[in-house]
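**Student:** So here's protein_27.cif, just mmCIF, N, CA and C atoms and all ligand atoms:
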```
data_start
loop_
_atom_site.group_PDB
_atom_site.id
_atom_site.type_symbol
_atom_site.label_atom_id
_atom_site.label_comp_id
_atom_site.auth_asym_id
_atom_site.auth_seq_id
_atom_site.Cartn_x
_atom_site.Cartn_y
_atom_site.Cartn_z
ATOM 1 N N MET A 20 58.958 78.829 71.867
ATOM 2 C CA MET A 20 60.039 78.519 70.941
ATOM 3 C C MET A 20 59.591 78.828 69.514
ATOM 4 N N GLY A 21 60.529 79.086 68.662
ATOM 5 C CA GLY A 21 60.205 79.332 67.282
ATOM 6 C C GLY A 21 59.951 80.789 66.976
ATOM 7 N N GLN A 22 59.641 81.554 67.980
ATOM 8 C CA GLN A 22 59.429 82.973 67.748
ATOM 9 C C GLN A 22 60.717 83.753 68.012
ATOM 10 N N ALA A 23 61.239 84.314 66.975
ATOM 11 C CA ALA A 23 62.454 85.100 67.140
ATOM 12 C C ALA A 23 62.074 86.523 67.512
ATOM 13 N N LYS A 24 61.987 86.743 68.765
ATOM 14 C CA LYS A 24 61.571 88.060 69.226
ATOM 15 C C LYS A 24 62.747 89.040 69.164
ATOM 16 N N ASN A 25 62.471 90.152 68.612
ATOM 17 C CA ASN A 25 63.514 91.173 68.514
ATOM 18 C C ASN A 25 63.662 91.892 69.848
ATOM 19 N N ARG A 26 64.814 91.729 70.441
ATOM 20 C CA ARG A 26 65.041 92.330 71.754
ATOM 21 C C ARG A 26 65.872 93.608 71.662
ATOM 22 N N GLY A 27 65.990 94.104 70.460
ATOM 23 C CA GLY A 27 66.736 95.344 70.298
ATOM 24 C C GLY A 27 68.178 95.078 69.961
ATOM 25 N N THR A 28 68.782 96.044 69.373
ATOM 26 C CA THR A 28 70.181 95.907 69.005
ATOM 27 C C THR A 28 71.052 96.060 70.240
ATOM 28 N N LEU A 29 72.312 95.736 70.064
ATOM 29 C CA LEU A 29 73.243 95.887 71.176
ATOM 30 C C LEU A 29 73.321 97.357 71.589
ATOM 31 N N ASP A 30 73.324 98.229 70.593
ATOM 32 C CA ASP A 30 73.384 99.657 70.886
ATOM 33 C C ASP A 30 72.217 100.092 71.762
ATOM 34 N N GLN A 31 71.033 99.584 71.433
ATOM 35 C CA GLN A 31 69.853 99.955 72.208
ATOM 36 C C GLN A 31 69.970 99.469 73.642
ATOM 37 N N ARG A 32 70.500 98.271 73.770
ATOM 38 C CA ARG A 32 70.624 97.717 75.126
ATOM 39 C C ARG A 32 71.682 98.468 75.923
ATOM 40 N N VAL A 33 72.754 98.852 75.250
ATOM 41 C CA VAL A 33 73.788 99.632 75.918
ATOM 42 C C VAL A 33 73.213 100.974 76.360
ATOM 43 N N ALA A 34 72.443 101.588 75.481
ATOM 44 C CA ALA A 34 71.830 102.874 75.811
ATOM 45 C C ALA A 34 70.897 102.732 77.007
ATOM 46 N N GLN A 35 70.153 101.646 77.035
ATOM 47 C CA GLN A 35 69.252 101.394 78.170
ATOM 48 C C GLN A 35 70.041 101.247 79.457
ATOM 49 N N ALA A 36 71.114 100.494 79.374
ATOM 50 C CA ALA A 36 71.936 100.265 80.556
ATOM 51 C C ALA A 36 72.539 101.568 81.043
ATOM 52 N N GLN A 37 72.951 102.403 80.119
ATOM 53 C CA GLN A 37 73.554 103.671 80.502
ATOM 54 C C GLN A 37 72.516 104.601 81.118
ATOM 55 N N ALA A 38 71.308 104.564 80.583
ATOM 56 C CA ALA A 38 70.243 105.405 81.133
ATOM 57 C C ALA A 38 69.918 104.958 82.549
ATOM 58 N N LYS A 39 69.903 103.653 82.753
ATOM 59 C CA LYS A 39 69.629 103.118 84.086
ATOM 60 C C LYS A 39 70.741 103.519 85.046
ATOM 61 N N LEU A 40 71.948 103.456 84.554
ATOM 62 C CA LEU A 40 73.100 103.821 85.359
ATOM 63 C C LEU A 40 73.018 105.292 85.741
ATOM 64 N N ALA A 41 72.711 106.142 84.773
ATOM 65 C CA ALA A 41 72.637 107.579 85.024
ATOM 66 C C ALA A 41 71.557 107.878 86.055
ATOM 67 N N ALA A 42 70.481 107.111 86.034
ATOM 68 C CA ALA A 42 69.390 107.332 86.972
ATOM 69 C C ALA A 42 69.821 107.001 88.392
ATOM 70 N N ASN A 43 70.781 106.123 88.502
ATOM 71 C CA ASN A 43 71.260 105.715 89.826
ATOM 72 C C ASN A 43 72.430 106.545 90.316
ATOM 73 N N ARG A 44 72.870 107.434 89.526
ATOM 74 C CA ARG A 44 74.052 108.214 89.870
ATOM 75 C C ARG A 44 73.790 109.071 91.104
ATOM 76 N N PRO A 45 74.660 108.943 92.095
ATOM 77 C CA PRO A 45 74.495 109.764 93.294
ATOM 78 C C PRO A 45 74.818 111.221 92.977
ATOM 79 N N GLU A 46 74.097 112.124 93.610
ATOM 80 C CA GLU A 46 74.363 113.544 93.362
ATOM 81 C C GLU A 46 75.736 113.925 93.872
ATOM 82 N N LYS A 47 76.083 113.314 94.967
ATOM 83 C CA LYS A 47 77.396 113.600 95.529
ATOM 84 C C LYS A 47 77.805 112.466 96.452
ATOM 85 N N LEU A 48 79.088 112.375 96.686
ATOM 86 C CA LEU A 48 79.622 111.438 97.657
ATOM 87 C C LEU A 48 80.241 112.265 98.774
ATOM 88 N N VAL A 49 80.417 111.634 99.903
ATOM 89 C CA VAL A 49 81.116 112.310 100.986
ATOM 90 C C VAL A 49 82.509 111.715 101.076
ATOM 91 N N CYS A 50 83.491 112.576 101.043
ATOM 92 C CA CYS A 50 84.873 112.114 101.057
ATOM 93 C C CYS A 50 85.152 111.321 102.326
ATOM 94 N N ASN A 51 85.766 110.158 102.149
ATOM 95 C CA ASN A 51 86.102 109.317 103.294
ATOM 96 C C ASN A 51 87.230 109.909 104.113
ATOM 97 N N SER A 52 87.947 110.825 103.543
ATOM 98 C CA SER A 52 89.125 111.366 104.205
ATOM 99 C C SER A 52 88.833 112.675 104.921
ATOM 100 N N CYS A 53 88.291 113.663 104.209
ATOM 101 C CA CYS A 53 88.092 114.975 104.818
ATOM 102 C C CYS A 53 86.626 115.298 105.056
ATOM 103 N N GLY A 54 85.724 114.480 104.554
ATOM 104 C CA GLY A 54 84.311 114.677 104.825
ATOM 105 C C GLY A 54 83.639 115.703 103.923
ATOM 106 N N ALA A 55 84.364 116.203 102.970
ATOM 107 C CA ALA A 55 83.792 117.185 102.062
ATOM 108 C C ALA A 55 82.881 116.518 101.033
ATOM 109 N N ASP A 56 82.009 117.317 100.455
ATOM 110 C CA ASP A 56 81.173 116.805 99.386
ATOM 111 C C ASP A 56 82.013 116.605 98.135
ATOM 112 N N VAL A 57 81.813 115.459 97.515
ATOM 113 C CA VAL A 57 82.526 115.170 96.272
ATOM 114 C C VAL A 57 81.501 115.137 95.151
ATOM 115 N N THR A 58 81.620 116.065 94.248
ATOM 116 C CA THR A 58 80.644 116.141 93.157
ATOM 117 C C THR A 58 81.229 115.672 91.838
ATOM 118 N N GLN A 59 82.522 115.473 91.836
ATOM 119 C CA GLN A 59 83.164 114.966 90.620
ATOM 120 C C GLN A 59 83.127 113.452 90.662
ATOM 121 N N ILE A 60 82.064 112.900 90.114
ATOM 122 C CA ILE A 60 81.809 111.472 90.225
ATOM 123 C C ILE A 60 81.787 110.837 88.847
ATOM 124 N N ASN A 61 82.518 109.756 88.724
ATOM 125 C CA ASN A 61 82.572 109.074 87.441
ATOM 126 C C ASN A 61 82.165 107.618 87.604
ATOM 127 N N PRO A 62 81.431 107.094 86.633
ATOM 128 C CA PRO A 62 81.055 105.684 86.684
ATOM 129 C C PRO A 62 82.242 104.787 86.365
ATOM 130 N N VAL A 63 82.248 103.631 87.004
ATOM 131 C CA VAL A 63 83.288 102.645 86.741
ATOM 132 C C VAL A 63 82.602 101.401 86.199
ATOM 133 N N SER A 64 83.216 100.776 85.246
ATOM 134 C CA SER A 64 82.627 99.580 84.655
ATOM 135 C C SER A 64 82.464 98.477 85.686
ATOM 136 N N THR A 65 81.302 97.847 85.678
ATOM 137 C CA THR A 65 81.067 96.722 86.578
ATOM 138 C C THR A 65 81.193 95.402 85.824
ATOM 139 N N ARG A 66 81.715 95.485 84.647
ATOM 140 C CA ARG A 66 81.873 94.296 83.817
ATOM 141 C C ARG A 66 82.639 93.213 84.583
ATOM 142 N N GLY A 67 82.064 92.056 84.654
ATOM 143 C CA GLY A 67 82.731 90.951 85.326
ATOM 144 C C GLY A 67 82.521 90.932 86.821
ATOM 145 N N LEU A 68 81.842 91.951 87.338
ATOM 146 C CA LEU A 68 81.597 92.006 88.771
ATOM 147 C C LEU A 68 80.147 91.610 89.023
ATOM 148 N N ARG A 69 79.975 90.367 89.332
ATOM 149 C CA ARG A 69 78.646 89.820 89.484
ATOM 150 C C ARG A 69 77.906 90.457 90.669
ATOM 151 N N GLY A 70 76.668 90.854 90.424
ATOM 152 C CA GLY A 70 75.841 91.369 91.509
ATOM 153 C C GLY A 70 75.936 92.868 91.696
ATOM 154 N N LEU A 71 76.917 93.472 91.069
ATOM 155 C CA LEU A 71 77.058 94.924 91.203
ATOM 156 C C LEU A 71 76.343 95.621 90.040
ATOM 157 N N GLU A 72 75.550 96.607 90.385
ATOM 158 C CA GLU A 72 74.841 97.342 89.343
ATOM 159 C C GLU A 72 75.638 98.551 88.886
ATOM 160 N N ALA A 73 76.250 99.205 89.834
ATOM 161 C CA ALA A 73 76.995 100.411 89.479
ATOM 162 C C ALA A 73 78.095 100.660 90.495
ATOM 163 N N ILE A 74 79.173 101.190 89.998
ATOM 164 C CA ILE A 74 80.262 101.625 90.861
ATOM 165 C C ILE A 74 80.597 103.059 90.475
ATOM 166 N N TRP A 75 80.786 103.873 91.492
ATOM 167 C CA TRP A 75 81.116 105.268 91.242
ATOM 168 C C TRP A 75 82.403 105.610 91.969
ATOM 169 N N VAL A 76 83.188 106.395 91.316
ATOM 170 C CA VAL A 76 84.400 106.846 91.949
ATOM 171 C C VAL A 76 84.393 108.372 91.968
ATOM 172 N N GLY A 77 84.581 108.917 93.157
ATOM 173 C CA GLY A 77 84.588 110.361 93.304
ATOM 174 C C GLY A 77 85.975 110.853 93.674
ATOM 175 N N GLN A 78 86.389 111.894 93.007
ATOM 176 C CA GLN A 78 87.717 112.437 93.265
ATOM 177 C C GLN A 78 87.564 113.737 94.050
ATOM 178 N N CYS A 79 88.017 113.711 95.280
ATOM 179 C CA CYS A 79 87.896 114.877 96.144
ATOM 180 C C CYS A 79 89.021 115.868 95.879
ATOM 181 N N ASP A 80 88.750 117.116 96.245
ATOM 182 C CA ASP A 80 89.774 118.151 96.078
ATOM 183 C C ASP A 80 91.011 117.847 96.920
ATOM 184 N N CYS A 81 90.824 117.115 98.000
ATOM 185 C CA CYS A 81 91.945 116.815 98.884
ATOM 186 C C CYS A 81 92.838 115.725 98.300
ATOM 187 N N GLY A 82 92.398 115.141 97.199
ATOM 188 C CA GLY A 82 93.207 114.129 96.557
ATOM 189 C C GLY A 82 92.774 112.714 96.895
ATOM 190 N N HIS A 83 91.839 112.577 97.835
ATOM 191 C CA HIS A 83 91.372 111.258 98.231
ATOM 192 C C HIS A 83 90.329 110.751 97.229
ATOM 193 N N THR A 84 90.315 109.447 97.050
ATOM 194 C CA THR A 84 89.342 108.853 96.152
ATOM 195 C C THR A 84 88.306 108.098 96.966
ATOM 196 N N THR A 85 87.054 108.373 96.705
ATOM 197 C CA THR A 85 85.988 107.728 97.440
ATOM 198 C C THR A 85 85.124 106.920 96.477
ATOM 199 N N PHE A 86 84.793 105.711 96.886
ATOM 200 C CA PHE A 86 83.996 104.849 96.034
ATOM 201 C C PHE A 86 82.586 104.697 96.570
ATOM 202 N N ALA A 87 81.676 104.482 95.647
ATOM 203 C CA ALA A 87 80.325 104.101 96.014
ATOM 204 C C ALA A 87 79.918 102.956 95.102
ATOM 205 N N ALA A 88 79.141 102.035 95.630
ATOM 206 C CA ALA A 88 78.703 100.925 94.807
ATOM 207 C C ALA A 88 77.265 100.586 95.146
ATOM 208 N N SER A 89 76.534 100.154 94.143
ATOM 209 C CA SER A 89 75.172 99.700 94.392
ATOM 210 C C SER A 89 74.973 98.348 93.725
ATOM 211 N N GLY A 90 74.041 97.605 94.263
ATOM 212 C CA GLY A 90 73.790 96.267 93.743
ATOM 213 C C GLY A 90 73.407 95.360 94.902
ATOM 214 N N GLU A 91 73.664 94.095 94.752
ATOM 215 C CA GLU A 91 73.353 93.158 95.825
ATOM 216 C C GLU A 91 74.267 93.446 97.011
ATOM 217 N N PRO A 92 73.680 93.497 98.215
ATOM 218 C CA PRO A 92 74.468 93.824 99.412
ATOM 219 C C PRO A 92 75.732 92.992 99.547
ATOM 220 N N LYS A 93 75.655 91.730 99.271
ATOM 221 C CA LYS A 93 76.841 90.868 99.400
ATOM 222 C C LYS A 93 77.904 91.239 98.383
ATOM 223 N N ALA A 94 77.466 91.563 97.195
ATOM 224 C CA ALA A 94 78.408 91.940 96.145
ATOM 225 C C ALA A 94 79.065 93.268 96.480
ATOM 226 N N VAL A 95 78.266 94.182 97.022
ATOM 227 C CA VAL A 95 78.808 95.489 97.403
ATOM 228 C C VAL A 95 79.826 95.310 98.525
ATOM 229 N N GLU A 96 79.480 94.463 99.473
ATOM 230 C CA GLU A 96 80.391 94.214 100.595
ATOM 231 C C GLU A 96 81.705 93.613 100.096
ATOM 232 N N ALA A 97 81.573 92.672 99.180
ATOM 233 C CA ALA A 97 82.765 92.020 98.632
ATOM 234 C C ALA A 97 83.609 93.018 97.854
ATOM 235 N N PHE A 98 82.927 93.931 97.205
ATOM 236 C CA PHE A 98 83.636 94.947 96.434
ATOM 237 C C PHE A 98 84.484 95.816 97.357
ATOM 238 N N PHE A 99 83.870 96.280 98.437
ATOM 239 C CA PHE A 99 84.615 97.141 99.353
ATOM 240 C C PHE A 99 85.703 96.367 100.093
ATOM 241 N N PHE A 100 85.428 95.085 100.331
ATOM 242 C CA PHE A 100 86.466 94.265 100.953
ATOM 243 C C PHE A 100 87.668 94.158 100.026
ATOM 244 N N ALA A 101 87.377 93.930 98.745
ATOM 245 C CA ALA A 101 88.461 93.825 97.762
ATOM 246 C C ALA A 101 89.241 95.136 97.698
ATOM 247 N N LEU A 102 88.522 96.230 97.762
ATOM 248 C CA LEU A 102 89.192 97.534 97.734
ATOM 249 C C LEU A 102 90.089 97.696 98.949
ATOM 250 N N SER A 103 89.587 97.248 100.084
ATOM 251 C CA SER A 103 90.352 97.430 101.313
ATOM 252 C C SER A 103 91.618 96.594 101.311
ATOM 253 N N GLN A 104 91.639 95.579 100.457
ATOM 254 C CA GLN A 104 92.833 94.752 100.348
ATOM 255 C C GLN A 104 93.864 95.374 99.417
ATOM 256 N N ASP A 105 93.419 96.389 98.690
ATOM 257 C CA ASP A 105 94.309 97.017 97.733
ATOM 258 C C ASP A 105 94.982 98.221 98.380
ATOM 259 N N THR A 106 96.202 98.060 98.771
ATOM 260 C CA THR A 106 96.882 99.114 99.509
ATOM 261 C C THR A 106 97.103 100.357 98.643
ATOM 262 N N GLU A 107 97.137 100.170 97.362
ATOM 263 C CA GLU A 107 97.376 101.316 96.497
ATOM 264 C C GLU A 107 96.218 102.298 96.545
ATOM 265 N N LEU A 108 95.062 101.799 96.843
ATOM 266 C CA LEU A 108 93.890 102.659 96.844
ATOM 267 C C LEU A 108 93.733 103.406 98.167
ATOM 268 N N ALA A 109 94.319 102.853 99.237
ATOM 269 C CA ALA A 109 94.317 103.521 100.533
ATOM 270 C C ALA A 109 92.962 104.135 100.847
ATOM 271 N N LEU A 110 91.996 103.318 100.939
ATOM 272 C CA LEU A 110 90.649 103.805 101.205
ATOM 273 C C LEU A 110 90.477 104.284 102.638
ATOM 274 N N GLY A 111 89.523 105.145 102.819
ATOM 275 C CA GLY A 111 89.249 105.637 104.165
ATOM 276 C C GLY A 111 88.316 104.721 104.921
ATOM 277 N N ARG A 112 88.020 103.581 104.335
ATOM 278 C CA ARG A 112 87.055 102.702 104.946
ATOM 279 C C ARG A 112 87.696 101.783 105.986
ATOM 280 N N GLN A 113 88.979 101.923 106.147
ATOM 281 C CA GLN A 113 89.677 101.061 107.087
ATOM 282 C C GLN A 113 89.668 101.700 108.470
ATOM 283 N N ASP A 114 89.019 101.077 109.408
ATOM 284 C CA ASP A 114 88.958 101.689 110.728
ATOM 285 C C ASP A 114 89.571 100.778 111.784
ATOM 286 N N LYS A 115 90.176 99.692 111.323
ATOM 287 C CA LYS A 115 90.771 98.785 112.303
ATOM 288 C C LYS A 115 92.266 98.998 112.464
ATOM 289 N N ASP A 116 92.930 99.119 111.358
ATOM 290 C CA ASP A 116 94.389 99.250 111.441
ATOM 291 C C ASP A 116 94.873 100.543 110.783
ATOM 292 N N GLY A 117 93.995 101.486 110.661
ATOM 293 C CA GLY A 117 94.390 102.745 110.056
ATOM 294 C C GLY A 117 95.030 103.662 111.101
ATOM 295 N N GLY A 118 96.238 103.358 111.457
ATOM 296 C CA GLY A 118 96.902 104.078 112.538
ATOM 297 C C GLY A 118 97.090 105.564 112.282
ATOM 298 N N GLY A 119 97.130 105.941 111.025
ATOM 299 C CA GLY A 119 97.439 107.325 110.716
ATOM 300 C C GLY A 119 96.251 108.267 110.834
ATOM 301 N N HIS A 120 95.103 107.733 111.105
ATOM 302 C CA HIS A 120 93.921 108.587 111.146
ATOM 303 C C HIS A 120 93.831 109.415 112.424
ATOM 304 N N ASP A 121 93.412 110.634 112.271
ATOM 305 C CA ASP A 121 93.265 111.493 113.438
ATOM 306 C C ASP A 121 91.792 111.751 113.742
ATOM 307 N N LYS A 122 90.983 110.795 113.331
ATOM 308 C CA LYS A 122 89.542 110.903 113.550
ATOM 309 C C LYS A 122 89.259 110.780 115.049
ATOM 310 N N ALA A 123 88.425 111.648 115.558
ATOM 311 C CA ALA A 123 88.159 111.677 116.991
ATOM 312 C C ALA A 123 86.971 110.787 117.348
ATOM 313 N N GLY A 124 86.895 109.637 116.745
ATOM 314 C CA GLY A 124 85.840 108.705 117.091
ATOM 315 C C GLY A 124 84.463 109.156 116.598
ATOM 316 N N ASP A 125 83.543 108.248 116.543
ATOM 317 C CA ASP A 125 82.214 108.600 116.059
ATOM 318 C C ASP A 125 81.293 108.953 117.179
HETATM 319 ZN ZN ZN B 201 88.533 114.945 100.758
#
```
Any chance you could give the structure as structure tokens?
Ligand SMILES: [Zn+2]
**Tutor:**
Amino acid sequence: MGQAKNRGTLDQRVAQAQAKLAANRPEKLVCNSCGADVTQINPVSTRGLRGLEAIWVGQCDCGHTTFAASGEPKAVEAFFFALSQDTELALGRQDKDGGGHDKAGD
């Protein structure tokens, strides 16, 4: 106590966080819909999402959006669960009631 240690400015900390994020950036995602490589990947803010370190959203040429997330396994699971509840996002991660899929099984 009593020592006011300089931990860097907010800008420095933001830069550090961004550098860490960039280091974790996946080279590519695999489209959940058509299986193609998705290289157009953008970071999504994890602000307010406890346990998540990074979220990436990839936009495939086929128009499908594929997400990737890293962080605590439980947080990642909860994230994808939340996504699966969002019908607007129509994720390819639904394999129970996705009647429209023509996937020939794994
Ligand atoms: Zn695709």
**Student:** What does the PyMOL selection byres (((not hetatm)) within 7 of (chain B and resi 201)) select in this file, as a list in words?
**Tutor:**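 Applying the expression gives Val49, Cys50, Asn51, Ser52, Cys53, Gly54, Ala55, Asp56, Gln78, Cys79, Asp80, Cys81, Gly82, His83 and Thr84 of chain A.
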**Student:** So how far away is atom N of Phe100 (chain A) from atom C of Ala36 (chain A), in Å?
**Tutor:**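 Separating atom C of Ala36 (chain A) from atom N of Phe100 (chain A) is a distance of 24.1 Å.
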**Student:** Choose the residue, out of A:Phe86, A:Ala94, A:Asn43, A:Arg32, that has the smallest atom-to-atom separation from Gly67 (chain A); count only C-alpha atoms.
**Tutor:** A:Ala94
**Student:** Find the residues around Val63 (chain A) up to 8 Å (only C-alpha atoms counted), leave out those fewer than 3 positions away in its own chain, and share them as a list in words.
**Tutor:**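 Close residues of Val63 (chain A): Ala73, Ile74, Trp75 and Val76 of chain A.
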**Student:** Between atom C of Glu72 (chain A) and CA of Ser89 (chain A), what is the spacing in Å?
**Tutor:** 5.6 Å
**Student:** So the first atom is CA of Asp30 (chain A) and the second is CA of Gly70 (chain A); what is the distance between them in Å, to one decimal place?
**Tutor:** 22.4 Å
**Student:** Using all atoms listed in the file, list the residues that have an atom at most 8 Å from (75.5, 113.5, 94.8), coordinates as in the file, as a list in words.
**Tutor:** Arg44, Pro45, Glu46, Lys47, Leu48, Val49, Asp56, Val57, Thr58 and Gln59 of chain A
**Student:** Give me, as number ranges by chain, the residues of region 60-92 of chain A that a backbone DSSP run labels strand (DSSP E).
**Tutor:** A: 60-63, 71-78, 84-90
